[in-house]
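Colleague: Structure file final35.csv (CSV, C-alpha atoms) is given on the next line.
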chain,number,residue,atom,x,y,z
F,1108,MET,CA,142.1,102.2,65.5
F,1109,SER,CA,142.2,100.2,68.7
F,1110,MET,CA,142.3,96.5,68.1
F,1111,ILE,CA,139.6,95.7,70.6
F,1112,ARG,CA,137.1,97.6,68.5
F,1113,ARG,CA,137.1,94.6,66.0
F,1114,ILE,CA,135.2,92.6,68.7
F,1115,LEU,CA,132.2,95.0,68.0
F,1116,ALA,CA,132.0,93.5,64.5
F,1117,LEU,CA,130.9,90.2,65.9
F,1118,ASP,CA,127.1,89.6,65.9
F,1119,GLY,CA,125.6,90.6,69.2
F,1120,VAL,CA,128.5,92.4,70.8
F,1121,ASN,CA,127.3,95.8,71.9
F,1122,VAL,CA,130.1,96.9,74.3
F,1123,ILE,CA,133.8,96.1,74.7
F,1124,CYS,CA,136.0,97.4,77.5
F,1125,HIS,CA,139.7,97.0,78.3
F,1126,PHE,CA,140.7,97.6,81.9
F,1127,ARG,CA,143.9,97.8,83.9
F,1128,ASP,CA,144.9,95.3,86.6
F,1129,ASP,CA,143.3,97.6,89.2
F,1130,GLY,CA,140.0,97.8,87.3
F,1131,TYR,CA,140.6,101.3,85.8
F,1132,LEU,CA,139.0,101.7,82.4
F,1133,LEU,CA,141.6,102.0,79.7
F,1134,GLU,CA,139.3,102.1,76.7
F,1135,GLY,CA,135.8,101.2,75.9
F,1136,TYR,CA,133.6,101.2,72.7
F,1137,GLY,CA,130.0,100.5,71.9
F,1138,LEU,CA,126.5,101.3,73.0
F,1139,MET,CA,127.1,102.5,76.5
F,1140,GLY,CA,128.0,105.8,78.2
F,1141,ARG,CA,131.4,106.4,79.7
F,1142,ASP,CA,130.1,106.2,83.3
F,1143,ASP,CA,128.6,102.7,82.8
F,1144,MET,CA,131.8,101.6,81.0
F,1145,VAL,CA,133.7,102.6,84.1
F,1146,ARG,CA,131.3,100.6,86.2
F,1147,LEU,CA,131.5,97.6,83.8
F,1148,ALA,CA,135.3,97.7,84.0
F,1149,GLN,CA,135.3,97.7,87.8
F,1150,PHE,CA,132.7,94.9,87.9
F,1151,ALA,CA,134.7,92.7,85.5
F,1152,HIS,CA,137.9,93.3,87.4
F,1153,ASP,CA,136.1,92.2,90.6
F,1154,TYR,CA,134.5,89.3,88.9
F,1155,ARG,CA,137.8,88.1,87.4
F,1156,ARG,CA,139.4,88.1,90.9
F,1157,MET,CA,136.4,86.2,92.3
F,1158,ILE,CA,136.6,83.6,89.5
F,1159,GLN,CA,140.4,83.3,90.1
F,1160,GLY,CA,139.8,82.7,93.8
F,1161,ASN,CA,137.1,80.1,93.1
F,1162,ALA,CA,139.3,78.2,90.6
F,1163,ASP,CA,142.2,78.2,93.1
F,1164,GLN,CA,140.0,76.9,95.9
F,1165,LEU,CA,138.5,74.2,93.6
F,1166,ALA,CA,142.0,73.0,92.7
F,1167,MET,CA,143.2,73.1,96.3
F,1168,PHE,CA,140.2,71.3,97.7
F,1169,THR,CA,139.9,68.6,95.0
F,1170,GLY,CA,143.5,68.3,93.8
F,1171,MET,CA,142.2,68.4,90.2
F,1172,ARG,CA,144.6,70.2,87.9
F,1173,GLY,CA,143.5,72.1,84.9
F,1174,TRP,CA,141.2,74.7,86.4
F,1175,THR,CA,143.6,77.4,87.2
F,1176,PRO,CA,144.5,80.0,86.1
F,1177,PRO,CA,141.1,80.5,84.5
F,1178,HIS,CA,140.8,82.0,81.1
F,1179,GLY,CA,137.4,83.6,81.5
F,1180,TRP,CA,133.7,83.6,82.4
F,1181,ILE,CA,130.2,84.1,81.0
F,1182,ALA,CA,127.1,85.2,82.9
F,1183,ARG,CA,124.2,84.7,80.5
F,1184,GLY,CA,120.9,86.4,81.1
F,1185,ALA,CA,117.7,86.1,79.2
F,1186,VAL,CA,118.7,88.7,76.6
F,1187,GLN,CA,122.1,90.0,77.6
F,1188,SER,CA,125.3,88.2,78.5
F,1189,VAL,CA,128.5,89.5,80.0
F,1190,CYS,CA,131.7,87.8,79.0
F,1191,GLY,CA,135.2,88.4,80.4
F,1192,VAL,CA,138.6,87.1,79.3
F,1193,GLY,CA,141.7,88.5,80.8
F,1194,ASN,CA,141.4,92.3,81.1
F,1195,LEU,CA,138.6,92.5,78.5
F,1196,VAL,CA,134.9,92.4,79.1
F,1197,CYS,CA,132.1,92.6,76.6
F,1198,ILE,CA,128.3,92.8,76.7
F,1199,VAL,CA,126.6,90.5,74.2
F,1200,GLU,CA,122.9,90.7,73.2
F,1201,GLY,CA,120.8,87.8,72.0
F,1202,ALA,CA,120.7,84.1,72.7
F,1203,ASP,CA,122.0,83.4,69.2
F,1204,ALA,CA,125.2,85.4,69.5
F,1205,PRO,CA,128.3,83.4,68.3
F,1206,MET,CA,129.8,82.9,71.8
F,1207,ASN,CA,132.4,80.4,70.6
F,1208,GLU,CA,133.8,83.0,68.2
F,1209,ILE,CA,133.5,85.8,70.7
F,1210,LEU,CA,135.5,83.9,73.3
F,1211,LEU,CA,138.2,83.0,70.8
F,1212,GLU,CA,138.5,86.7,69.7
F,1213,LEU,CA,138.6,87.9,73.3
F,1214,ARG,CA,141.3,85.4,74.1
F,1215,GLU,CA,143.4,86.3,71.1
F,1216,ILE,CA,143.2,90.0,71.7
F,1217,SER,CA,143.8,89.6,75.5
F,1218,HIS,CA,147.2,88.3,74.7
F,1219,TRP,CA,148.3,91.4,72.8
R,914,MET,CA,114.5,69.6,79.4
R,915,ALA,CA,118.1,68.4,78.8
R,916,THR,CA,119.1,65.1,80.3
R,917,LEU,CA,122.5,64.1,81.6
R,918,ASP,CA,122.9,61.7,78.7
R,919,GLU,CA,122.2,64.4,76.2
R,920,LEU,CA,124.8,66.6,77.8
R,921,MET,CA,127.3,63.8,77.7
R,922,ARG,CA,127.0,63.8,73.9
R,923,LEU,CA,128.4,67.3,73.7
R,924,PRO,CA,131.9,67.5,72.1
R,925,ALA,CA,134.6,67.1,74.8
R,926,ALA,CA,132.1,66.4,77.6
R,927,MET,CA,133.9,65.0,80.6
R,928,ALA,CA,131.0,64.9,83.0
R,929,ALA,CA,127.4,66.1,83.4
R,930,PHE,CA,125.6,66.7,86.7
R,931,GLU,CA,122.4,67.8,88.4
R,932,PHE,CA,122.4,69.8,91.6
R,933,ARG,CA,120.2,71.7,94.0
R,934,GLY,CA,120.1,75.4,94.2
R,935,SER,CA,122.0,75.0,97.5
R,936,GLY,CA,124.8,73.1,95.7
R,937,GLU,CA,124.2,69.5,96.7
R,938,LEU,CA,125.0,67.0,93.9
R,939,LEU,CA,122.0,64.9,92.9
R,940,ASP,CA,123.1,62.9,90.0
R,941,GLN,CA,126.0,62.7,87.5
R,942,ARG,CA,127.5,61.0,84.5
R,943,ILE,CA,131.3,60.8,84.3
R,944,ALA,CA,133.2,59.9,81.1
R,945,TYR,CA,136.7,59.9,82.5
R,946,PRO,CA,136.7,58.8,86.2
R,947,GLU,CA,140.4,58.9,86.3
R,948,ARG,CA,140.2,62.7,85.7
R,949,ILE,CA,137.1,63.8,87.6
R,950,ASN,CA,135.2,62.0,90.3
R,951,GLU,CA,131.9,62.5,92.3
R,952,THR,CA,133.7,64.3,95.1
R,953,THR,CA,135.1,66.9,92.7
R,954,LEU,CA,131.7,67.3,91.0
R,955,ASP,CA,130.1,67.9,94.4
R,956,LEU,CA,132.5,70.7,95.1
R,957,LEU,CA,132.1,72.0,91.6
R,958,ALA,CA,128.3,72.0,92.0
R,959,HIS,CA,128.6,74.0,95.2
R,960,MET,CA,130.9,76.5,93.5
R,961,CYS,CA,128.5,76.9,90.6
R,962,ALA,CA,125.5,77.3,92.8
R,963,ALA,CA,127.3,80.1,94.7
R,964,ASN,CA,128.3,81.7,91.4
R,965,MET,CA,124.7,81.5,90.0
R,966,SER,CA,123.5,83.3,93.1
R,967,ILE,CA,126.3,86.0,93.0
R,968,ALA,CA,125.7,86.6,89.3
R,969,THR,CA,122.0,86.9,89.9
R,970,MET,CA,122.7,89.5,92.6
R,971,GLN,CA,125.0,91.4,90.2
R,972,ALA,CA,122.5,91.3,87.4
R,973,ARG,CA,119.8,92.7,89.7
R,974,GLY,CA,122.2,95.5,90.9
R,975,TRP,CA,123.4,96.2,87.4
R,976,GLU,CA,119.9,96.6,86.0
R,977,LYS,CA,119.0,98.9,88.9
R,978,VAL,CA,122.0,101.2,88.6
R,979,THR,CA,122.2,101.4,84.8
R,980,ALA,CA,118.5,101.0,83.8
R,981,MET,CA,119.7,98.4,81.3
R,982,LYS,CA,117.5,95.3,81.0
R,983,GLY,CA,117.9,91.6,80.0
R,984,PHE,CA,120.5,90.4,82.4
R,985,TYR,CA,118.2,89.2,85.2
R,986,PRO,CA,117.5,86.4,85.8
R,987,ILE,CA,120.8,84.7,85.1
R,988,GLN,CA,120.2,81.6,83.1
R,989,GLU,CA,123.7,80.1,82.7
R,990,PHE,CA,127.0,80.6,84.3
R,991,THR,CA,130.3,79.5,82.6
R,992,LEU,CA,133.7,79.3,84.1
R,993,VAL,CA,136.4,78.8,81.4
R,994,GLY,CA,139.3,77.3,83.3
R,995,PHE,CA,142.8,76.6,82.0
R,996,ASP,CA,142.0,73.2,80.5
R,997,TRP,CA,138.4,72.6,81.5
R,998,SER,CA,135.2,74.6,81.5
R,999,VAL,CA,132.0,74.2,83.4
R,1000,VAL,CA,128.6,75.4,82.1
R,1001,VAL,CA,125.7,75.4,84.5
R,1002,SER,CA,122.1,76.3,83.8
R,1003,GLY,CA,119.0,77.3,85.8
R,1004,PHE,CA,117.1,78.0,82.5
R,1005,ARG,CA,114.4,75.4,83.1
R,1006,ARG,CA,114.0,76.5,86.7
R,1007,GLU,CA,113.5,80.1,85.6
R,1008,GLN,CA,110.8,79.0,83.1
R,1009,ILE,CA,108.9,77.1,85.8
R,1010,LYS,CA,109.3,80.0,88.3
R,1011,SER,CA,107.8,82.3,85.7
R,1012,GLU,CA,104.8,80.0,85.4
R,1013,GLY,CA,104.2,80.6,89.1
R,1014,LYS,CA,105.2,77.1,90.3
R,1015,THR,CA,107.1,76.6,93.4
R,1016,SER,CA,108.4,73.0,92.9
R,1017,LEU,CA,111.6,73.6,90.9
R,1018,PRO,CA,113.7,71.1,89.0
R,1019,PRO,CA,117.4,70.8,89.7
R,1020,LEU,CA,120.1,72.9,88.0
R,1021,MET,CA,122.2,71.1,85.4
R,1022,GLY,CA,125.8,71.4,84.4
R,1023,VAL,CA,128.4,70.0,82.1
R,1024,VAL,CA,132.2,69.9,82.3
R,1025,LEU,CA,134.0,70.3,78.9
R,1026,GLY,CA,137.5,70.0,77.7
R,1027,ASN,CA,138.5,73.4,76.4
R,1028,GLU,CA,140.2,72.2,73.3
R,1029,LYS,CA,136.9,71.1,71.7
R,1030,ALA,CA,134.4,72.9,73.9
R,1031,ASP,CA,131.3,74.2,72.1
R,1032,TYR,CA,129.7,76.6,74.4
R,1033,GLU,CA,126.9,77.5,72.0
R,1034,ALA,CA,126.0,73.8,71.8
R,1035,ALA,CA,126.1,73.5,75.5
R,1036,PHE,CA,123.7,76.4,76.0
R,1037,ALA,CA,121.4,75.0,73.3
R,1038,VAL,CA,121.2,71.6,75.0
R,1039,LEU,CA,120.8,73.1,78.5
R,1040,GLU,CA,118.0,75.3,77.2
R,1041,GLY,CA,116.4,72.4,75.5
R,1042,GLN,CA,116.7,73.9,72.0
R,1043,GLU,CA,118.7,71.3,70.2
R,1044,PRO,CA,119.1,67.7,71.3
R,1045,ILE,CA,122.5,66.4,70.2
R,1046,PRO,CA,121.9,63.7,67.6
Once more with this new file: its structure as structure tokens, please.
Modeller:
Amino acid sequence: MSMIRRILALDGVNVICHFRDDGYLLEGYGLMGRDDMVRLAQFAHDYRRMIQGNADQLAMFTGMRGWTPPHGWIARGAVQSVCGVGNLVCIVEGADAPMNEILLELREISHW
Amino acid sequence: MATLDELMRLPAAMAAFEFRGSGELLDQRIAYPERINETTLDLLAHMCAANMSIATMQARGWEKVTAMKGFYPIQEFTLVGFDWSVVVSGFRREQIKSEGKTSLPPLMGVVLGNEKADYEAAFAVLEGQEPIP
């Protein structure tokens, strides 16, 4: 069994995808069709690059160390959130989801 | 509505700030002025305002193309940097917008040290659910 599937055991996590450095979907699990997982992987890949660029520029313009390279990002909507760490992205439902634990798990698995 | 002083009581809070939707810094509290200053917060606020707008556009587009709901409007954006994180919120603004009002409060944000960062607590304070004792 793929190790990333264990993320689905956390409360609120409905989808988990692992993508290549070019955004290609390697594997995805959860409550989403394959076509949308492909879109999610590409989106998360683009978002990761954007966040990396923002952190680099913030560090360059301010001289403040400690922002880059960034570990991840969260975009939190009213009901659904998207959370990315490394080459992993997940969709989390509910305002009460254990986001601290989800981030820790994503970070651990992203190093494998 | 969260206050800057409440945000500063979060674990590992380095700074809290208010900013306009266009990014201008309005007010701030800084715990470690040797690490982060007003100029850095101003740039950070502009970066966060840009990211809130981009994430909102993406949520809109995602809902349109997938028919999934619940992403729009974006309430909080979080960047987890190498040592620091920033969490910003437009939650209160969205609430007021949904009431049909046009005069909107500022966005709020907090800078946290990653080692002890509690993102759930940050969301709770920013959404006015749980004032930190």
Colleague: Considering only C-alpha atoms, state which residue in the set F:Gln1164, F:Gln1159, F:Asn1207, F:Asn1194 is at the smallest distance from Asp1129 in chain F.
Modeller: F:Asn1194
Colleague: Excluding range 1179-1182 of chain F and any residue of its chain fewer than 5 positions from it, enumerate the residues within 7 Å of it, using all atoms listed in the file, and give them as JSON, numbers by chain.
Modeller: {"F": [1188, 1189, 1190, 1191, 1192, 1193], "R": [968, 987, 989, 990, 991, 992, 993, 994]}
Colleague: Quick one: residues within 6 Å of range 1135-1144 of chain F, all atoms listed in the file, excluding same-chain residues fewer than 3 positions away - as a ChimeraX atom specification?
Modeller: /F:1121-1124,1147
Colleague: At a cut-off of 10 Å, which residues of chain R touch chain F? Count all atoms listed in the file and give the answer as a ChimeraX atom specification.
Modeller: /R:948-950,952-957,960-961,963-965,967-969,971-972,975,978-979,981-1000,1002,1004,1007,1026-1027,1030-1034,1036-1037
Colleague: Find the residues near Ala915 in chain R: any atom within 8 Å, counting all atoms listed in the file, skip ones fewer than 4 places away on the same chain, and give them as a ChimeraX atom specification.
Modeller: /R:919-920,1038-1041,1044
Colleague: Take the residues from that selection and put them in a file with C-alpha atoms, as a short mmCIF file (atom, residue, chain, number, x, y, z; two decimals), in the coordinates of the input.
Modeller:
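The file below, part-v1.cif, is the result:
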data_model
loop_
_atom_site.label_atom_id
_atom_site.label_comp_id
_atom_site.auth_asym_id
_atom_site.auth_seq_id
_atom_site.Cartn_x
_atom_site.Cartn_y
_atom_site.Cartn_z
CA GLU R 919 122.20 64.40 76.20
CA LEU R 920 124.80 66.60 77.80
CA VAL R 1038 121.20 71.60 75.00
CA LEU R 1039 120.80 73.10 78.50
CA GLU R 1040 118.00 75.30 77.20
CA GLY R 1041 116.40 72.40 75.50
CA PRO R 1044 119.10 67.70 71.30
#
Colleague: Can you tell me, as a list in words, what residues are no more than 8 Å from Val1023 in chain R when counting all atoms listed in the file, ignoring any on the same chain fewer than 4 positions away?
Modeller: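 Listed by chain and then number, they are Leu920, Met921, Ala926, Met927, Ala928, Ala929, Phe930, Val999, Val1000, Val1001 and Ala1035 of chain R.
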Colleague: Could you tell me how far CA of Ser1217 in chain F lies from CA of Leu1195 in chain F, in Å and to one decimal?
Modeller: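 These two atoms are separated by 6.7 Å.
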Colleague: Quick one: pull the distance between CA of Gln1149 in chain F and CA of Tyr1131 in chain F, Å, one decimal.
Modeller: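 Answer for the CA of Gln1149 in chain F to CA of Tyr1131 in chain F separation: 6.7 Å.
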Colleague: Enter the distance from CA of Arg1155 in chain F to CA of His1218 in chain F, in Å, rounded to one decimal.
Modeller: 15.8 Å
Colleague: Since the input has fewer atoms than a full residue there, write range 937-962 of chain R out with N, CA and C atoms, as a PDB file, in the frame of the given file.
Modeller:
ATOM      1  N   GLU R 937     124.025  70.896  96.514  1.00  0.00           N
ATOM      2  CA  GLU R 937     124.200  69.500  96.700  1.00  0.00           C
ATOM      3  C   GLU R 937     124.086  68.727  95.343  1.00  0.00           C
ATOM      4  N   LEU R 938     125.037  67.831  95.111  1.00  0.00           N
ATOM      5  CA  LEU R 938     125.000  67.000  93.900  1.00  0.00           C
ATOM      6  C   LEU R 938     123.909  65.994  93.990  1.00  0.00           C
ATOM      7  N   LEU R 939     123.100  65.877  92.933  1.00  0.00           N
ATOM      8  CA  LEU R 939     122.000  64.900  92.900  1.00  0.00           C
ATOM      9  C   LEU R 939     122.241  63.718  92.054  1.00  0.00           C
ATOM     10  N   ASP R 940     122.826  63.963  90.885  1.00  0.00           N
ATOM     11  CA  ASP R 940     123.100  62.900  90.000  1.00  0.00           C
ATOM     12  C   ASP R 940     124.201  63.275  89.017  1.00  0.00           C
ATOM     13  N   GLN R 941     124.852  62.317  88.413  1.00  0.00           N
ATOM     14  CA  GLN R 941     126.000  62.700  87.500  1.00  0.00           C
ATOM     15  C   GLN R 941     126.260  61.547  86.553  1.00  0.00           C
ATOM     16  N   ARG R 942     126.936  61.931  85.487  1.00  0.00           N
ATOM     17  CA  ARG R 942     127.500  61.000  84.500  1.00  0.00           C
ATOM     18  C   ARG R 942     128.999  61.415  84.396  1.00  0.00           C
ATOM     19  N   ILE R 943     129.883  60.459  84.380  1.00  0.00           N
ATOM     20  CA  ILE R 943     131.300  60.800  84.300  1.00  0.00           C
ATOM     21  C   ILE R 943     131.944  59.947  83.186  1.00  0.00           C
ATOM     22  N   ALA R 944     132.574  60.632  82.240  1.00  0.00           N
ATOM     23  CA  ALA R 944     133.200  59.900  81.100  1.00  0.00           C
ATOM     24  C   ALA R 944     134.607  59.469  81.448  1.00  0.00           C
ATOM     25  N   TYR R 945     135.309  60.245  82.251  1.00  0.00           N
ATOM     26  CA  TYR R 945     136.700  59.900  82.500  1.00  0.00           C
ATOM     27  C   TYR R 945     136.919  59.925  84.065  1.00  0.00           C
ATOM     28  N   PRO R 946     136.575  58.812  84.719  1.00  0.00           N
ATOM     29  CA  PRO R 946     136.700  58.800  86.200  1.00  0.00           C
ATOM     30  C   PRO R 946     138.083  58.935  86.706  1.00  0.00           C
ATOM     31  N   GLU R 947     139.076  58.731  85.839  1.00  0.00           N
ATOM     32  CA  GLU R 947     140.400  58.900  86.300  1.00  0.00           C
ATOM     33  C   GLU R 947     140.793  60.426  86.370  1.00  0.00           C
ATOM     34  N   ARG R 948     139.985  61.253  85.731  1.00  0.00           N
ATOM     35  CA  ARG R 948     140.200  62.700  85.700  1.00  0.00           C
ATOM     36  C   ARG R 948     139.314  63.465  86.676  1.00  0.00           C
ATOM     37  N   ILE R 949     138.066  63.031  86.747  1.00  0.00           N
ATOM     38  CA  ILE R 949     137.100  63.800  87.600  1.00  0.00           C
ATOM     39  C   ILE R 949     136.200  62.761  88.263  1.00  0.00           C
ATOM     40  N   ASN R 950     135.962  62.997  89.550  1.00  0.00           N
ATOM     41  CA  ASN R 950     135.200  62.000  90.300  1.00  0.00           C
ATOM     42  C   ASN R 950     133.971  62.739  90.967  1.00  0.00           C
ATOM     43  N   GLU R 951     133.184  61.944  91.680  1.00  0.00           N
ATOM     44  CA  GLU R 951     131.900  62.500  92.300  1.00  0.00           C
ATOM     45  C   GLU R 951     132.253  63.544  93.337  1.00  0.00           C
ATOM     46  N   THR R 952     133.331  63.350  94.083  1.00  0.00           N
ATOM     47  CA  THR R 952     133.700  64.300  95.100  1.00  0.00           C
ATOM     48  C   THR R 952     134.018  65.688  94.476  1.00  0.00           C
ATOM     49  N   THR R 953     134.756  65.647  93.368  1.00  0.00           N
ATOM     50  CA  THR R 953     135.100  66.900  92.700  1.00  0.00           C
ATOM     51  C   THR R 953     133.829  67.535  92.101  1.00  0.00           C
ATOM     52  N   LEU R 954     132.952  66.712  91.529  1.00  0.00           N
ATOM     53  CA  LEU R 954     131.700  67.300  91.000  1.00  0.00           C
ATOM     54  C   LEU R 954     130.859  67.909  92.064  1.00  0.00           C
ATOM     55  N   ASP R 955     130.866  67.297  93.251  1.00  0.00           N
ATOM     56  CA  ASP R 955     130.100  67.900  94.400  1.00  0.00           C
ATOM     57  C   ASP R 955     130.601  69.253  94.716  1.00  0.00           C
ATOM     58  N   LEU R 956     131.915  69.393  94.801  1.00  0.00           N
ATOM     59  CA  LEU R 956     132.500  70.700  95.100  1.00  0.00           C
ATOM     60  C   LEU R 956     132.223  71.702  93.982  1.00  0.00           C
ATOM     61  N   LEU R 957     132.356  71.200  92.762  1.00  0.00           N
ATOM     62  CA  LEU R 957     132.100  72.000  91.600  1.00  0.00           C
ATOM     63  C   LEU R 957     130.648  72.527  91.588  1.00  0.00           C
ATOM     64  N   ALA R 958     129.733  71.637  91.927  1.00  0.00           N
ATOM     65  CA  ALA R 958     128.300  72.000  92.000  1.00  0.00           C
ATOM     66  C   ALA R 958     128.083  73.099  93.019  1.00  0.00           C
ATOM     67  N   HIS R 959     128.720  72.958  94.176  1.00  0.00           N
ATOM     68  CA  HIS R 959     128.600  74.000  95.200  1.00  0.00           C
ATOM     69  C   HIS R 959     129.156  75.331  94.717  1.00  0.00           C
ATOM     70  N   MET R 960     130.310  75.272  94.049  1.00  0.00           N
ATOM     71  CA  MET R 960     130.900  76.500  93.500  1.00  0.00           C
ATOM     72  C   MET R 960     129.978  77.150  92.487  1.00  0.00           C
ATOM     73  N   CYS R 961     129.385  76.317  91.644  1.00  0.00           N
ATOM     74  CA  CYS R 961     128.500  76.900  90.600  1.00  0.00           C
ATOM     75  C   CYS R 961     127.215  77.428  91.175  1.00  0.00           C
ATOM     76  N   ALA R 962     126.678  76.762  92.190  1.00  0.00           N
ATOM     77  CA  ALA R 962     125.500  77.300  92.800  1.00  0.00           C
ATOM     78  C   ALA R 962     125.763  78.668  93.434  1.00  0.00           C
TER      79      ALA R 962
END
